[in-house]
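**Q** The structure follows.
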Amino acid sequence: MNAYTSHITLYDLALLGTIFIGLTFALQLWFTPKINLTANRMLALALVTIVLWIIRILGIEICPSAYFVNWSRLPLQFSLAFGPLIYCYVLKITLPQHKFRWRNMLHFGPLLLEQCVFVLEIKESIKTGAATYDTRTFQQLSPVVNVLTFVSVIIYLYLSYRLIQKFYQQIKFNGNDRYRNQLRWLHRLLTAFGFVWLLWIPYTAIDYFFNHFHLS
């Protein structure tokens, strides 16, 4: 029987704590009765996509393959759904009366592409016995999926800003500017998130030119 030693760092503990906090918050958003329940559930799903991505990163870090041989084949990659979920959340905040129809599902079409890539990774993993993130398919197509995810979030953040502007235009001016403060909290959150998201550019540049895509 082969001994297995898990080397858990402070970085891994931080990821583990983020997973529990994210799941707890997502459950609260999903089950807590509120006025705009649909919007909260959209935000909960967006959080779940982040949590699943962090679980995959943590799995790669601690390498649990000694106990769970095929863990890398678990469906944990839904990054192309993150942008549309944020957009749907803002849509229900600005237009609570909006009813989602089948046309709204077209926003999640690129997610099928990501899942097709994942299926190809699983097929190669079955043939070679390697983890999905060690396959040639992953090395070739994962950067493409990452770029699509980055562009997708930028586009949907822009569309979310447009929704907020339309919300302000639909409100009648009542002699003061207090109506402009109704969604200032949402505007600030989107701006802060957009700034953090843009940090992906220098991070990826440093990873590519100095670490050959081996940063944690």
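Each chain in the structure tokens gets a letter, A, B and so on, in the order shown; residues start at 1 in every chain, and ligands are counted from 1 in the order they appear.
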Considering only C-alpha atoms, return as a list in words whatever protein or nucleic-acid residues lie within 12 Å of A:Gln28, sequence-local ones (same chain, fewer than 3 positions apart) excluded.
**A**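 Near A:Gln28, the qualifying residues are Ile21, Gly22, Leu23, Thr24, Phe25, Phe31, Thr32, Pro33, Lys34, Leu37, Asn40, Arg41, Leu43, Ala44, Leu45 and Leu47 of chain A.
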**Q** Could those selected residues go to a file with C-alpha atoms, as a PDB file, in the first residue's frame?
**A**
ATOM      1  CA  ILE A  21     -17.714  30.761   2.923  1.00  0.00           C
ATOM      2  CA  GLY A  22     -18.827  30.803  -0.710  1.00  0.00           C
ATOM      3  CA  LEU A  23     -21.051  27.730  -0.332  1.00  0.00           C
ATOM      4  CA  THR A  24     -22.606  29.085   2.865  1.00  0.00           C
ATOM      5  CA  PHE A  25     -23.385  32.417   1.245  1.00  0.00           C
ATOM      6  CA  PHE A  31     -33.119  29.522   0.405  1.00  0.00           C
ATOM      7  CA  THR A  32     -33.635  32.818   2.230  1.00  0.00           C
ATOM      8  CA  PRO A  33     -37.013  34.266   1.187  1.00  0.00           C
ATOM      9  CA  LYS A  34     -36.558  37.765  -0.200  1.00  0.00           C
ATOM     10  CA  LEU A  37     -35.729  35.673  -5.046  1.00  0.00           C
ATOM     11  CA  ASN A  40     -30.607  36.140  -5.484  1.00  0.00           C
ATOM     12  CA  ARG A  41     -30.613  32.647  -6.970  1.00  0.00           C
ATOM     13  CA  LEU A  43     -26.140  35.369  -7.784  1.00  0.00           C
ATOM     14  CA  ALA A  44     -26.028  32.095  -5.834  1.00  0.00           C
ATOM     15  CA  LEU A  45     -25.350  30.154  -9.049  1.00  0.00           C
ATOM     16  CA  LEU A  47     -20.994  31.992  -6.567  1.00  0.00           C
TER      17      LEU A  47
END
**Q** When you look at stretch 189-196 of chain A with a cut-off of 9 Å (counting only C-alpha atoms), what residues show up, excluding the ones that are within fewer than 2 positions of it in the same chain? I need them as a list in words.
**A** Val153, Ile154, Leu157, Ser160, Tyr161, Arg184, Trp185, Leu186, His187, Leu198, Leu199 and Trp200 of chain A
**Q** Each residue of stretch 24-87 of chain A with at least one atom at most 8 Å from stretch 114-117 of chain A should appear once, together with its nearest atom pair and the corresponding distance in Å (one decimal); atoms considered: only C-alpha atoms; ordering: chain, then increasing residue number; output as CSV.
**A**
residue,atom,partner,partner_atom,distance
A:Gln77,CA,A:Glu114,CA,7.6
A:Phe78,CA,A:Glu114,CA,7.3
A:Leu80,CA,A:Glu114,CA,7.1
**Q** Which residues come within 8 Å of A:Ser152, counting only C-alpha atoms, excluding same-chain residues fewer than 3 positions away, as a list in words?
**A** Leu80, Gly83, Leu148, Thr149, Ile155 and Tyr156 of chain A
**Q** Take the residues from that selection and write them out as a CSV table (one decimal), in the first residue's frame, keeping all heavy atoms.
**A**
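File written: out.csv
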chain,number,residue,atom,x,y,z
A,80,LEU,N,-17.7,29.8,-18.2
A,80,LEU,CA,-18.4,30.5,-19.2
A,80,LEU,C,-19.8,30.9,-18.9
A,80,LEU,O,-20.5,31.6,-19.6
A,80,LEU,CB,-18.3,29.8,-20.6
A,80,LEU,CG,-17.0,29.9,-21.3
A,80,LEU,CD1,-17.0,29.0,-22.5
A,80,LEU,CD2,-16.6,31.3,-21.6
A,83,GLY,N,-20.3,35.0,-16.5
A,83,GLY,CA,-20.7,36.3,-17.0
A,83,GLY,C,-22.2,36.4,-17.3
A,83,GLY,O,-22.9,37.4,-16.8
A,148,LEU,N,-11.8,33.1,-23.6
A,148,LEU,CA,-13.2,33.3,-23.8
A,148,LEU,C,-13.9,33.7,-22.5
A,148,LEU,O,-14.8,34.5,-22.6
A,148,LEU,CB,-13.8,32.0,-24.4
A,148,LEU,CG,-13.4,31.6,-25.8
A,148,LEU,CD1,-14.0,30.3,-26.2
A,148,LEU,CD2,-13.8,32.7,-26.8
A,149,THR,N,-13.5,33.1,-21.4
A,149,THR,CA,-14.1,33.5,-20.1
A,149,THR,C,-13.8,34.9,-19.8
A,149,THR,O,-14.7,35.7,-19.4
A,149,THR,CB,-13.6,32.6,-19.0
A,149,THR,OG1,-13.9,31.2,-19.3
A,149,THR,CG2,-14.2,32.9,-17.7
A,155,ILE,N,-17.7,41.6,-21.5
A,155,ILE,CA,-18.8,41.9,-22.3
A,155,ILE,C,-20.1,42.0,-21.4
A,155,ILE,O,-20.9,43.0,-21.5
A,155,ILE,CB,-19.1,40.9,-23.4
A,155,ILE,CG1,-17.9,41.0,-24.4
A,155,ILE,CG2,-20.4,41.1,-24.0
A,155,ILE,CD1,-18.0,39.9,-25.5
A,156,TYR,N,-20.3,41.0,-20.5
A,156,TYR,CA,-21.5,41.0,-19.7
A,156,TYR,C,-21.4,42.1,-18.6
A,156,TYR,O,-22.5,42.6,-18.1
A,156,TYR,CB,-21.7,39.7,-19.1
A,156,TYR,CG,-22.3,38.7,-20.1
A,156,TYR,CD1,-21.6,37.7,-20.7
A,156,TYR,CD2,-23.7,38.9,-20.5
A,156,TYR,CE1,-22.2,36.9,-21.7
A,156,TYR,CE2,-24.3,38.0,-21.4
A,156,TYR,CZ,-23.5,37.1,-22.0
A,156,TYR,OH,-24.1,36.2,-23.0
